[in-house]
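Below: input.tsv (TSV, C-alpha atoms and all ligand atoms)
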```
chain	number	residue	atom	x	y	z
V	15	SER	CA	0.00	0.00	0.00
V	16	ALA	CA	1.16	3.57	-0.61
V	17	ARG	CA	2.76	5.31	2.33
V	18	ALA	CA	1.25	8.44	3.74
V	19	ASP	CA	4.46	10.40	4.31
V	20	SER	CA	6.98	11.05	1.54
V	21	PRO	CA	10.41	9.57	2.52
V	22	SER	CA	13.41	11.85	2.21
V	23	ILE	CA	16.07	11.10	-0.40
V	24	LYS	CA	19.54	10.45	1.04
V	25	PRO	CA	22.85	9.29	-0.45
V	26	ILE	CA	23.68	5.61	0.00
V	27	ASN	CA	26.67	4.90	2.21
V	28	LYS	CA	29.85	4.80	0.09
V	29	GLY	CA	30.86	1.31	1.19
V	30	VAL	CA	27.43	-0.04	0.25
V	31	VAL	CA	27.61	1.60	-3.21
V	32	HIS	CA	31.02	0.03	-3.70
V	33	ARG	CA	29.73	-3.44	-2.86
V	34	ILE	CA	26.68	-3.07	-5.14
V	35	CYS	CA	28.78	-1.92	-8.12
V	36	ALA	CA	31.50	-4.52	-7.53
V	37	GLY	CA	28.88	-7.25	-7.88
V	38	GLN	CA	28.18	-5.96	-11.39
V	39	VAL	CA	31.80	-5.99	-12.55
V	40	ILE	CA	32.54	-9.40	-11.07
V	41	LEU	CA	29.57	-11.60	-11.88
V	42	ASP	CA	31.03	-15.01	-11.16
V	43	LEU	CA	34.22	-17.01	-10.86
V	44	SER	CA	35.12	-16.75	-14.52
V	45	SER	CA	34.68	-12.97	-14.68
V	46	ALA	CA	36.92	-12.64	-11.60
V	47	VAL	CA	39.70	-14.81	-13.04
V	48	LYS	CA	39.28	-13.15	-16.44
V	49	GLU	CA	40.15	-9.77	-14.93
V	50	LEU	CA	43.30	-11.16	-13.33
V	51	VAL	CA	44.45	-13.02	-16.45
V	52	GLU	CA	43.88	-9.90	-18.55
V	53	ASN	CA	45.92	-7.85	-16.07
V	54	SER	CA	48.75	-10.37	-16.49
V	55	LEU	CA	48.52	-10.14	-20.28
V	56	ASP	CA	48.48	-6.33	-20.06
V	57	ALA	CA	51.64	-6.59	-17.93
V	58	GLY	CA	53.41	-8.46	-20.75
V	59	ALA	CA	53.54	-11.84	-19.01
V	60	THR	CA	54.71	-14.88	-20.99
V	61	THR	CA	53.79	-17.37	-18.26
V	62	ILE	CA	50.47	-17.24	-16.44
V	63	GLU	CA	49.43	-19.78	-13.83
V	64	VAL	CA	45.91	-19.98	-12.42
V	65	VAL	CA	45.81	-21.84	-9.09
V	66	LEU	CA	42.41	-22.89	-7.73
V	67	LYS	CA	41.50	-24.29	-4.34
V	68	ASP	CA	38.25	-26.26	-4.29
V	69	TYR	CA	37.43	-25.20	-7.87
V	70	GLY	CA	37.91	-21.56	-6.84
V	71	GLU	CA	35.40	-21.60	-4.01
V	72	GLU	CA	38.04	-21.43	-1.28
V	73	SER	CA	40.49	-19.26	-3.23
V	74	PHE	CA	42.04	-18.56	-6.60
V	75	LYS	CA	45.29	-16.93	-7.54
V	76	VAL	CA	46.92	-15.80	-10.76
V	77	ILE	CA	50.72	-15.88	-10.88
V	78	ASP	CA	52.54	-14.08	-13.70
V	79	ASN	CA	56.03	-13.12	-14.84
V	80	GLY	CA	54.95	-9.70	-16.12
V	81	CYS	CA	56.46	-6.29	-15.39
V	82	GLY	CA	55.32	-6.17	-11.75
V	83	ILE	CA	53.97	-3.16	-9.86
V	84	SER	CA	56.17	-0.26	-8.69
V	85	PRO	CA	56.17	0.58	-4.97
V	86	HIS	CA	54.86	4.11	-5.63
V	87	ASN	CA	51.64	2.48	-6.92
V	88	PHE	CA	50.98	0.23	-3.92
V	89	LYS	CA	48.70	2.67	-2.06
V	90	VAL	CA	46.43	3.39	-5.03
V	91	LEU	CA	46.58	-0.09	-6.60
V	92	ALA	CA	43.16	-1.28	-5.46
V	93	LEU	CA	41.33	2.06	-5.36
V	94	LYS	CA	38.29	2.40	-7.55
V	95	HIS	CA	38.91	3.93	-10.98
V	96	HIS	CA	42.67	4.00	-10.51
V	97	THR	CA	44.49	2.66	-13.55
V	98	SER	CA	47.81	2.94	-15.36
V	99	LYS	CA	46.10	2.36	-18.73
V	100	LEU	CA	43.60	5.13	-19.42
V	101	VAL	CA	43.94	8.81	-18.63
V	102	ASP	CA	41.48	10.70	-20.77
V	103	PHE	CA	38.25	9.86	-22.60
V	104	PRO	CA	39.71	10.01	-26.16
V	105	ASP	CA	42.25	7.33	-25.14
V	106	LEU	CA	39.36	4.85	-25.20
V	107	GLN	CA	39.45	4.98	-29.02
V	108	SER	CA	42.99	3.77	-29.35
V	109	LEU	CA	43.20	1.40	-26.42
V	110	ALA	CA	45.40	-1.65	-26.83
V	111	THR	CA	45.03	-3.05	-23.31
V	112	PHE	CA	42.32	-5.33	-21.93
V	113	GLY	CA	41.77	-3.16	-18.86
V	114	PHE	CA	41.08	0.55	-18.72
V	115	ARG	CA	38.50	1.29	-16.02
V	116	GLY	CA	40.51	0.51	-12.92
V	117	GLU	CA	37.65	-1.47	-11.45
V	118	ALA	CA	38.79	-5.07	-11.16
V	119	LEU	CA	41.09	-5.02	-8.13
V	120	SER	CA	38.87	-2.58	-6.27
V	121	SER	CA	35.80	-4.76	-6.98
V	122	LEU	CA	37.61	-7.91	-5.86
V	123	CYS	CA	38.49	-6.16	-2.58
V	124	ALA	CA	34.82	-5.44	-1.99
V	125	LEU	CA	33.82	-9.05	-2.67
V	126	GLY	CA	36.52	-11.12	-0.95
V	127	LYS	CA	39.99	-10.91	0.59
V	128	LEU	CA	42.63	-9.56	-1.82
V	129	THR	CA	46.37	-9.95	-1.43
V	130	VAL	CA	49.11	-9.11	-3.94
V	131	GLU	CA	52.74	-10.14	-4.19
V	132	THR	CA	54.76	-8.21	-6.70
V	133	ARG	CA	58.24	-7.25	-7.80
V	134	THR	CA	59.55	-5.15	-10.69
V	135	LYS	CA	63.00	-5.58	-12.23
V	136	ASN	CA	64.16	-2.49	-10.30
V	137	GLU	CA	63.42	-4.04	-6.90
V	138	PRO	CA	65.75	-6.58	-5.22
V	139	VAL	CA	62.87	-8.23	-3.33
V	140	ALA	CA	59.11	-8.56	-3.67
V	141	THR	CA	56.42	-7.02	-1.47
V	142	HIS	CA	53.34	-8.74	-0.06
V	143	LEU	CA	50.34	-6.40	0.13
V	144	THR	CA	47.04	-6.84	1.96
V	145	PHE	CA	43.96	-4.71	1.22
V	146	ASP	CA	40.70	-4.12	3.07
V	147	HIS	CA	37.19	-4.22	1.59
V	148	SER	CA	37.32	-0.59	0.50
V	149	GLY	CA	40.62	-1.10	-1.37
V	150	LEU	CA	42.87	0.55	1.22
V	151	LEU	CA	46.34	-0.91	1.70
V	152	ILE	CA	46.46	-2.26	5.27
V	153	ASN	CA	49.67	-4.26	5.43
V	154	GLU	CA	53.01	-4.49	3.61
V	155	LYS	CA	55.91	-6.94	4.05
V	156	LYS	CA	58.97	-8.01	2.08
V	157	LEU	CA	59.50	-11.49	0.67
V	158	ALA	CA	61.49	-13.35	-1.97
V	159	ARG	CA	59.96	-13.70	-5.41
V	160	GLN	CA	60.89	-13.52	-9.09
V	161	VAL	CA	59.90	-10.45	-11.10
V	162	GLY	CA	56.13	-10.51	-11.69
V	163	THR	CA	52.87	-10.45	-9.80
V	164	THR	CA	50.63	-12.84	-7.88
V	165	VAL	CA	47.09	-11.76	-7.05
V	166	THR	CA	45.12	-13.94	-4.62
V	167	VAL	CA	41.42	-13.76	-3.84
V	168	GLU	CA	40.03	-15.74	-0.92
V	169	ARG	CA	36.35	-16.48	-0.40
V	170	LEU	CA	34.91	-14.56	-3.34
V	171	PHE	CA	31.42	-13.17	-2.68
V	172	SER	CA	31.68	-13.71	1.09
V	173	SER	CA	30.47	-10.10	1.44
V	174	LEU	CA	27.30	-10.74	-0.62
V	175	PRO	CA	25.23	-13.34	1.31
V	176	VAL	CA	22.85	-14.31	-1.51
V	177	ARG	CA	25.55	-14.55	-4.18
V	178	SER	CA	27.80	-16.43	-1.80
V	179	LYS	CA	25.23	-19.22	-1.37
V	180	GLU	CA	24.60	-19.41	-5.12
V	181	PHE	CA	28.35	-19.49	-5.69
V	182	SER	CA	28.83	-22.55	-3.47
V	183	ARG	CA	25.82	-24.31	-4.93
V	184	ASN	CA	26.92	-23.75	-8.54
V	185	ILE	CA	30.66	-24.09	-8.07
V	186	ARG	CA	31.12	-27.01	-10.52
V	187	LYS	CA	29.23	-25.14	-13.20
V	188	GLU	CA	31.25	-21.97	-12.53
V	189	TYR	CA	34.42	-24.03	-12.74
V	190	GLY	CA	33.34	-25.42	-16.13
V	191	LYS	CA	32.68	-21.92	-17.40
V	192	LEU	CA	36.10	-20.83	-16.16
V	193	LEU	CA	37.85	-23.67	-18.01
V	194	SER	CA	36.09	-22.67	-21.20
V	195	LEU	CA	37.23	-19.07	-20.70
V	196	LEU	CA	40.82	-20.18	-20.08
V	197	ASN	CA	40.58	-22.23	-23.28
V	198	ALA	CA	39.69	-19.00	-25.08
V	199	TYR	CA	42.89	-17.33	-23.87
V	200	ALA	CA	44.89	-20.47	-24.61
V	201	LEU	CA	43.59	-20.39	-28.19
V	202	ILE	CA	44.29	-16.74	-28.87
V	203	ALA	CA	47.38	-15.83	-26.82
V	204	LYS	CA	50.59	-16.20	-28.80
V	205	GLY	CA	53.79	-16.92	-26.95
V	206	VAL	CA	52.07	-17.16	-23.55
V	207	ARG	CA	52.26	-20.33	-21.47
V	208	LEU	CA	48.99	-20.85	-19.63
V	209	VAL	CA	48.65	-23.34	-16.79
V	210	CYS	CA	45.67	-24.03	-14.55
V	211	THR	CA	45.72	-26.30	-11.51
V	212	ASN	CA	43.07	-27.26	-8.99
V	213	THR	CA	43.41	-28.71	-5.49
V	214	THR	CA	40.41	-30.18	-3.72
V	215	GLY	CA	40.25	-31.25	-0.08
V	216	LYS	CA	43.04	-33.71	0.71
V	217	ASN	CA	43.74	-34.48	-2.95
V	218	ASN	CA	46.93	-33.46	-4.65
V	219	LYS	CA	47.21	-30.62	-7.07
V	220	SER	CA	46.07	-31.60	-10.55
V	221	ALA	CA	46.79	-29.76	-13.80
V	222	VAL	CA	43.60	-29.08	-15.71
V	223	LEU	CA	45.11	-27.00	-18.51
V	224	LYS	CA	48.64	-26.67	-19.76
V	225	THR	CA	49.78	-24.95	-22.94
V	226	GLN	CA	53.20	-24.43	-24.49
V	227	GLY	CA	52.91	-20.81	-25.53
V	228	SER	CA	52.80	-21.54	-29.26
V	229	SER	CA	53.16	-18.78	-31.80
V	230	SER	CA	50.06	-19.45	-33.94
V	231	ILE	CA	46.33	-20.05	-33.48
V	232	LYS	CA	46.79	-23.30	-35.38
V	233	ASP	CA	49.29	-24.68	-32.85
V	234	ASN	CA	47.16	-23.41	-29.99
V	235	ILE	CA	44.14	-25.30	-31.36
V	236	ILE	CA	46.21	-28.48	-31.58
V	237	THR	CA	47.35	-28.04	-27.96
V	238	VAL	CA	43.88	-27.31	-26.61
V	239	PHE	CA	41.67	-29.62	-28.70
V	240	GLY	CA	44.12	-32.09	-30.23
V	241	MET	CA	45.21	-32.97	-33.75
V	242	ASN	CA	42.03	-34.90	-34.63
V	243	THR	CA	39.86	-31.88	-33.99
V	244	PHE	CA	42.24	-29.63	-35.86
V	245	ASN	CA	42.06	-31.90	-38.92
V	246	CYS	CA	38.31	-31.33	-39.04
V	247	LEU	CA	38.75	-27.57	-39.38
V	248	GLU	CA	39.10	-25.33	-42.37
V	249	PRO	CA	41.00	-22.02	-42.28
V	250	LEU	CA	38.91	-18.88	-42.60
V	251	ASN	CA	40.82	-15.78	-43.65
V	252	THR	CA	38.80	-12.99	-45.16
V	253	ASN	CA	38.97	-9.26	-45.64
V	254	ILE	CA	35.70	-7.84	-44.47
V	255	SER	CA	36.47	-4.27	-45.49
V	256	ASP	CA	39.58	-2.19	-46.22
V	257	SER	CA	40.41	-2.00	-42.56
V	258	CYS	CA	38.80	-5.11	-41.10
V	259	MET	CA	39.60	-8.81	-41.45
V	260	VAL	CA	38.83	-12.10	-39.79
V	261	GLU	CA	41.28	-14.95	-39.27
V	262	GLY	CA	40.56	-18.32	-37.78
V	263	PHE	CA	39.17	-21.78	-38.33
V	264	ILE	CA	35.72	-23.33	-38.64
V	265	SER	CA	34.46	-26.91	-38.96
V	266	LYS	CA	34.61	-28.47	-42.39
V	267	PRO	CA	31.17	-29.34	-43.69
V	268	GLY	CA	29.92	-32.42	-41.87
V	269	HIS	CA	32.67	-32.35	-39.24
V	270	GLY	CA	31.17	-30.35	-36.41
V	271	SER	CA	31.02	-31.00	-32.73
V	272	GLY	CA	28.03	-32.94	-31.44
V	273	ARG	CA	28.09	-31.05	-28.19
V	274	ASN	CA	25.86	-28.22	-27.05
V	275	LEU	CA	25.55	-25.04	-29.00
V	276	GLY	CA	28.46	-22.70	-28.46
V	277	ASP	CA	30.48	-25.20	-26.53
V	278	ARG	CA	33.38	-24.94	-28.92
V	279	GLN	CA	32.77	-21.58	-30.52
V	280	PHE	CA	35.26	-18.88	-29.63
V	281	PHE	CA	35.05	-15.31	-30.89
V	282	PHE	CA	37.62	-12.57	-30.42
V	283	VAL	CA	37.90	-8.94	-31.38
V	284	ASN	CA	41.56	-7.90	-31.58
V	285	ASN	CA	42.40	-10.92	-29.37
V	286	ARG	CA	39.78	-10.04	-26.74
V	287	PRO	CA	37.37	-12.93	-26.05
V	288	VAL	CA	33.83	-11.67	-26.61
V	289	ASP	CA	30.30	-12.98	-27.11
V	290	MET	CA	29.07	-12.66	-30.69
V	291	PRO	CA	25.58	-14.18	-30.72
V	292	LYS	CA	24.69	-12.79	-34.17
V	293	VAL	CA	27.82	-14.16	-35.83
V	294	SER	CA	27.27	-17.51	-34.13
V	295	LYS	CA	23.67	-17.63	-35.35
V	296	VAL	CA	24.59	-16.88	-38.98
V	297	MET	CA	27.33	-19.52	-38.93
V	298	ASN	CA	25.09	-22.17	-37.35
V	299	GLU	CA	22.36	-21.55	-39.92
V	300	LEU	CA	24.78	-21.99	-42.84
V	301	TYR	CA	26.29	-25.09	-41.30
V	302	LYS	CA	22.90	-26.72	-40.74
V	303	CYS	CA	22.51	-27.43	-44.48
V	304	SER	CA	25.50	-29.77	-44.44
V	305	ASN	CA	24.96	-31.25	-40.99
V	306	PRO	CA	21.67	-30.66	-39.18
V	307	LYS	CA	22.60	-32.69	-36.08
V	308	GLN	CA	25.76	-30.89	-34.99
V	309	TYR	CA	27.19	-27.43	-34.45
V	310	PRO	CA	30.32	-26.10	-36.10
V	311	ILE	CA	33.46	-25.58	-34.05
V	312	ALA	CA	34.83	-22.08	-34.56
V	313	VAL	CA	37.79	-19.96	-33.54
V	314	MET	CA	37.49	-16.49	-35.10
V	315	ASN	CA	39.55	-13.41	-34.45
V	316	PHE	CA	38.24	-10.16	-35.91
V	317	LYS	CA	40.96	-7.62	-36.56
V	318	VAL	CA	39.29	-4.27	-36.47
V	319	PRO	CA	40.56	-0.69	-35.93
V	320	THR	CA	39.98	0.21	-32.28
V	321	ARG	CA	37.89	3.22	-33.30
V	322	ALA	CA	35.32	0.94	-35.02
V	323	TYR	CA	33.89	-0.63	-31.89
V	324	ASP	CA	33.14	-0.04	-28.23
V	325	VAL	CA	33.86	-2.59	-25.49
V	326	ASN	CA	32.61	-0.29	-22.79
V	327	VAL	CA	29.04	-1.59	-23.11
V	328	THR	CA	28.69	-3.94	-20.13
V	329	PRO	CA	30.70	-4.06	-16.90
V	330	ASP	CA	32.19	-7.44	-17.85
V	331	LYS	CA	33.22	-6.19	-21.36
V	332	ARG	CA	31.93	-9.37	-23.05
V	333	LYS	CA	29.56	-7.43	-25.26
V	334	ILE	CA	30.88	-5.47	-28.20
V	335	PHE	CA	29.17	-2.58	-29.93
V	336	PHE	CA	30.27	-2.39	-33.59
V	337	SER	CA	29.72	0.79	-35.51
V	338	ASP	CA	28.93	-1.25	-38.65
V	339	GLU	CA	27.92	-4.73	-37.55
V	340	GLY	CA	25.53	-5.13	-40.51
V	341	SER	CA	28.19	-5.16	-43.22
V	342	LEU	CA	30.51	-7.26	-41.05
V	343	ILE	CA	27.85	-9.98	-40.88
V	344	VAL	CA	27.15	-9.78	-44.62
V	345	SER	CA	30.83	-10.21	-45.60
V	346	LEU	CA	31.36	-12.97	-43.09
V	347	LYS	CA	28.31	-14.78	-44.36
V	348	GLU	CA	29.71	-14.72	-47.90
V	349	ALA	CA	33.02	-16.14	-46.70
V	350	ILE	CA	31.39	-18.96	-44.75
V	351	GLU	CA	28.99	-19.71	-47.61
V	352	LYS	CA	32.00	-20.33	-49.83
V	353	ILE	CA	33.31	-22.96	-47.42
V	354	TYR	CA	29.91	-24.63	-47.13
V	355	SER	CA	28.92	-24.35	-50.79
V	356	PRO	CA	28.32	-27.65	-52.64
V	357	SER	CA	31.24	-27.07	-55.05
V	358	HIS	CA	33.66	-26.57	-52.20
V	359	ARG	CA	32.19	-29.55	-50.39
V	360	SER	CA	32.83	-31.96	-53.24
V	361	PHE	CA	36.33	-30.58	-53.36
V	362	SER	CA	36.95	-31.42	-49.69
V	363	ALA	CA	35.29	-34.80	-50.15
V	364	ASN	CA	37.74	-35.60	-52.94
V	365	ILE	CA	40.62	-34.81	-50.66
V	366	LEU	CA	39.24	-37.18	-48.04
V	367	LEU	CA	39.16	-39.99	-50.63
V	401	LIG	P1	42.71	-1.82	-15.06
V	401	LIG	O1	43.20	-3.13	-15.56
V	401	LIG	O2	41.42	-1.42	-15.71
V	401	LIG	O3	43.75	-0.75	-15.09
V	401	LIG	P2	42.65	-3.13	-12.46
V	401	LIG	O4	41.88	-2.86	-11.23
V	401	LIG	O5	42.46	-4.45	-13.11
V	401	LIG	O6	42.31	-1.97	-13.50
V	401	LIG	O7	44.20	-2.94	-12.16
V	401	LIG	C1	44.65	-1.68	-11.64
V	401	LIG	C2	46.11	-1.42	-11.98
V	401	LIG	O8	46.94	-2.35	-11.28
V	401	LIG	C3	46.44	-1.66	-13.45
V	401	LIG	O9	46.21	-0.48	-14.24
V	401	LIG	C4	47.93	-2.02	-13.39
V	401	LIG	O10	48.73	-0.86	-13.38
V	401	LIG	C5	48.07	-2.72	-12.03
V	401	LIG	N1	48.09	-4.19	-12.14
V	401	LIG	C6	47.08	-5.04	-11.84
V	401	LIG	N2	47.43	-6.33	-12.04
V	401	LIG	C7	48.71	-6.31	-12.47
V	401	LIG	C8	49.66	-7.33	-12.86
V	401	LIG	N3	49.34	-8.64	-12.83
V	401	LIG	N4	50.90	-6.93	-13.25
V	401	LIG	C9	51.23	-5.59	-13.27
V	401	LIG	N5	50.38	-4.61	-12.93
V	401	LIG	C10	49.14	-4.94	-12.53
V	402	MG	MG	42.35	-4.93	-15.22
```
Using structure tokens, write down the structure from this file.
Ligand code: ADP
Ligand code: MG
Amino acid sequence: SARADSPSIKPINKGVVHRICAGQVILDLSSAVKELVENSLDAGATTIEVVLKDYGEESFKVIDNGCGISPHNFKVLALKHHTSKLVDFPDLQSLATFGFRGEALSSLCALGKLTVETRTKNEPVATHLTFDHSGLLINEKKLARQVGTTVTVERLFSSLPVRSKEFSRNIRKEYGKLLSLLNAYALIAKGVRLVCTNTTGKNNKSAVLKTQGSSSIKDNIITVFGMNTFNCLEPLNTNISDSCMVEGFISKPGHGSGRNLGDRQFFFVNNRPVDMPKVSKVMNELYKCSNPKQYPIAVMNFKVPTRAYDVNVTPDKRKIFFSDEGSLIVSLKEAIEKIYSPSHRSFSANILL
């Protein structure tokens, strides 16, 4: 029922605002680990190790051999909207880094317990840093470590009671989603060794992903999915416009994956893993004619000038806003049609014989 007196409007407590917003940047386990892996890639790491305890429920950490963090940045490291990557609005148009909003570490502080170990090449020893829920640095101590950074998050979502329960209940599903995301980075990253291990209860550490840091998408596909899967793929290299091209691989006609839709479909824009539901739909439709029971496997990297799209659409940056998505879809459709056209199909069939 309507209330008789009009309530007064007051600002929400800063800490509460921080917690609410943090829950939008970090949606689940995979978006949390994604932010850390992208920070490592932005730091120029060539080895990245993701270490999970109880599938990430207890804790997760990302260890890298990147450039490290300078001591003069320690105090502001986990403060909201503090970043070394973006200074002014126009910079957004020419951004080459994954991060730019300075929200990840501050959000992780609000949602769990964040600690950082880091060392640059100018420091003789590393520093271990502890932060509180508002992102303030509360403790600092020296320790031995190679150049690089380790970020640890314990008990993600412990500050959001509802999400915390959901998180525990769905942890195996979240873990599966995380592995798929790590596969995406393993497919696209060139010259980066990616390792993921998980430890549960009393069991020993087990490696769930391990790549060599190959220098091509082709070799990455072989590492992640194996040679048999790779042999069922066809290269896709097409100019979409003067300034835009796509490179990658898709299933040969009749050689898809019988799994669920999207299970083995990976899309990237300038090496950034993104969701491209429209592209996926067009590809699936074309593929259906040759194989109605399966879905095509796809690894597609769109190389586009940074001014032609906007990643600043959703807090998790998975959605991309293209300035001319219509013509991109049309050109891509033509390229895929060629691969799935009957003439091309008989050609591949001949090769198989
Ligand atoms: P953003 O990536 O948008 O800048 P983050 O909150 O993810 O925001 O990180 C804040 C800053 O901390 C980064 O701009 C970077 O300078 C530093 N940083 C975070 N992780 C690492 C890392 N693994 N190696 C080096 N620097 C890092
Ligand atoms: Mg970041």
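Among the candidate residues V:Val293, V:Val90, V:Ala16, V:Val47, the one lying nearest to ligand MG 402 (chain V) is V:Val47, with distances computed using all atoms listed in the file.
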Go through chain V and flag each residue having an atom no more than 9 Å from ligand LIG 401 (chain V); for those, report the closest pair of atoms plus their distance in Å to one decimal, using all atoms listed in the file, ordered by chain and rising number, as JSON lines.
```
{"residue": "V:Glu49", "atom": "CA", "partner": "V:LIG401", "partner_atom": "O5", "distance": 6.1}
{"residue": "V:Leu50", "atom": "CA", "partner": "V:LIG401", "partner_atom": "N2", "distance": 6.5}
{"residue": "V:Val51", "atom": "CA", "partner": "V:LIG401", "partner_atom": "N3", "distance": 7.5}
{"residue": "V:Glu52", "atom": "CA", "partner": "V:LIG401", "partner_atom": "O1", "distance": 7.4}
{"residue": "V:Asn53", "atom": "CA", "partner": "V:LIG401", "partner_atom": "N2", "distance": 4.6}
{"residue": "V:Ser54", "atom": "CA", "partner": "V:LIG401", "partner_atom": "N3", "distance": 4.1}
{"residue": "V:Leu55", "atom": "CA", "partner": "V:LIG401", "partner_atom": "N3", "distance": 7.6}
{"residue": "V:Asp56", "atom": "CA", "partner": "V:LIG401", "partner_atom": "N4", "distance": 7.3}
{"residue": "V:Ala57", "atom": "CA", "partner": "V:LIG401", "partner_atom": "N4", "distance": 4.8}
{"residue": "V:Gly58", "atom": "CA", "partner": "V:LIG401", "partner_atom": "N4", "distance": 8.1}
{"residue": "V:Ala59", "atom": "CA", "partner": "V:LIG401", "partner_atom": "N4", "distance": 8.0}
{"residue": "V:Val76", "atom": "CA", "partner": "V:LIG401", "partner_atom": "N3", "distance": 7.8}
{"residue": "V:Ile77", "atom": "CA", "partner": "V:LIG401", "partner_atom": "N3", "distance": 7.6}
{"residue": "V:Asp78", "atom": "CA", "partner": "V:LIG401", "partner_atom": "N3", "distance": 6.4}
{"residue": "V:Asn79", "atom": "CA", "partner": "V:LIG401", "partner_atom": "N4", "distance": 8.2}
{"residue": "V:Gly80", "atom": "CA", "partner": "V:LIG401", "partner_atom": "N4", "distance": 5.7}
{"residue": "V:Cys81", "atom": "CA", "partner": "V:LIG401", "partner_atom": "C9", "distance": 5.7}
{"residue": "V:Gly82", "atom": "CA", "partner": "V:LIG401", "partner_atom": "C9", "distance": 4.4}
{"residue": "V:Ile83", "atom": "CA", "partner": "V:LIG401", "partner_atom": "N5", "distance": 4.9}
{"residue": "V:Ser84", "atom": "CA", "partner": "V:LIG401", "partner_atom": "N5", "distance": 8.4}
{"residue": "V:Asn87", "atom": "CA", "partner": "V:LIG401", "partner_atom": "O10", "distance": 7.8}
{"residue": "V:Phe88", "atom": "CA", "partner": "V:LIG401", "partner_atom": "O8", "distance": 8.8}
{"residue": "V:Val90", "atom": "CA", "partner": "V:LIG401", "partner_atom": "C2", "distance": 8.5}
{"residue": "V:Leu91", "atom": "CA", "partner": "V:LIG401", "partner_atom": "O8", "distance": 5.2}
{"residue": "V:Ala92", "atom": "CA", "partner": "V:LIG401", "partner_atom": "O4", "distance": 6.1}
{"residue": "V:Leu93", "atom": "CA", "partner": "V:LIG401", "partner_atom": "O4", "distance": 7.7}
{"residue": "V:Lys94", "atom": "CA", "partner": "V:LIG401", "partner_atom": "O4", "distance": 7.4}
{"residue": "V:His95", "atom": "CA", "partner": "V:LIG401", "partner_atom": "O6", "distance": 7.3}
{"residue": "V:His96", "atom": "CA", "partner": "V:LIG401", "partner_atom": "C1", "distance": 6.1}
{"residue": "V:Thr97", "atom": "CA", "partner": "V:LIG401", "partner_atom": "O9", "distance": 3.6}
{"residue": "V:Ser98", "atom": "CA", "partner": "V:LIG401", "partner_atom": "O9", "distance": 3.9}
{"residue": "V:Lys99", "atom": "CA", "partner": "V:LIG401", "partner_atom": "O9", "distance": 5.3}
{"residue": "V:Leu100", "atom": "CA", "partner": "V:LIG401", "partner_atom": "O3", "distance": 7.3}
{"residue": "V:Thr111", "atom": "CA", "partner": "V:LIG401", "partner_atom": "O1", "distance": 8.0}
{"residue": "V:Phe112", "atom": "CA", "partner": "V:LIG401", "partner_atom": "O1", "distance": 6.8}
{"residue": "V:Gly113", "atom": "CA", "partner": "V:LIG401", "partner_atom": "O1", "distance": 3.6}
{"residue": "V:Phe114", "atom": "CA", "partner": "V:LIG401", "partner_atom": "O2", "distance": 3.6}
{"residue": "V:Arg115", "atom": "CA", "partner": "V:LIG401", "partner_atom": "O2", "distance": 4.0}
{"residue": "V:Gly116", "atom": "CA", "partner": "V:LIG401", "partner_atom": "O6", "distance": 3.1}
{"residue": "V:Glu117", "atom": "CA", "partner": "V:LIG401", "partner_atom": "O4", "distance": 4.5}
{"residue": "V:Ala118", "atom": "CA", "partner": "V:LIG401", "partner_atom": "O4", "distance": 3.8}
{"residue": "V:Leu119", "atom": "CA", "partner": "V:LIG401", "partner_atom": "O4", "distance": 3.9}
{"residue": "V:Ser120", "atom": "CA", "partner": "V:LIG401", "partner_atom": "O4", "distance": 5.8}
{"residue": "V:Ser121", "atom": "CA", "partner": "V:LIG401", "partner_atom": "O4", "distance": 7.7}
{"residue": "V:Leu122", "atom": "CA", "partner": "V:LIG401", "partner_atom": "O4", "distance": 8.5}
{"residue": "V:Val130", "atom": "CA", "partner": "V:LIG401", "partner_atom": "N2", "distance": 8.7}
{"residue": "V:Thr132", "atom": "CA", "partner": "V:LIG401", "partner_atom": "N4", "distance": 7.7}
{"residue": "V:Thr134", "atom": "CA", "partner": "V:LIG401", "partner_atom": "C9", "distance": 8.7}
{"residue": "V:Gly162", "atom": "CA", "partner": "V:LIG401", "partner_atom": "N4", "distance": 6.5}
{"residue": "V:Thr163", "atom": "CA", "partner": "V:LIG401", "partner_atom": "N3", "distance": 5.0}
{"residue": "V:Thr164", "atom": "CA", "partner": "V:LIG401", "partner_atom": "N3", "distance": 6.6}
{"residue": "V:Val165", "atom": "CA", "partner": "V:LIG401", "partner_atom": "N3", "distance": 6.9}
```
Distance query 10 Å from (40.6, -20.5, -0.3) using only C-alpha atoms, result as a ChimeraX atom specification:
/V:66-75,127,166-170
Put those residues in a file: C-alpha atoms, as an mmCIF file, keeping the file's coordinate frame.
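File again01.cif, as written:
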```
data_model
loop_
_atom_site.group_PDB
_atom_site.id
_atom_site.type_symbol
_atom_site.label_atom_id
_atom_site.label_comp_id
_atom_site.auth_asym_id
_atom_site.auth_seq_id
_atom_site.Cartn_x
_atom_site.Cartn_y
_atom_site.Cartn_z
ATOM 1 C CA LEU V 66 42.410 -22.890 -7.730
ATOM 2 C CA LYS V 67 41.500 -24.290 -4.340
ATOM 3 C CA ASP V 68 38.250 -26.260 -4.290
ATOM 4 C CA TYR V 69 37.430 -25.200 -7.870
ATOM 5 C CA GLY V 70 37.910 -21.560 -6.840
ATOM 6 C CA GLU V 71 35.400 -21.600 -4.010
ATOM 7 C CA GLU V 72 38.040 -21.430 -1.280
ATOM 8 C CA SER V 73 40.490 -19.260 -3.230
ATOM 9 C CA PHE V 74 42.040 -18.560 -6.600
ATOM 10 C CA LYS V 75 45.290 -16.930 -7.540
ATOM 11 C CA LYS V 127 39.990 -10.910 0.590
ATOM 12 C CA THR V 166 45.120 -13.940 -4.620
ATOM 13 C CA VAL V 167 41.420 -13.760 -3.840
ATOM 14 C CA GLU V 168 40.030 -15.740 -0.920
ATOM 15 C CA ARG V 169 36.350 -16.480 -0.400
ATOM 16 C CA LEU V 170 34.910 -14.560 -3.340
#
```
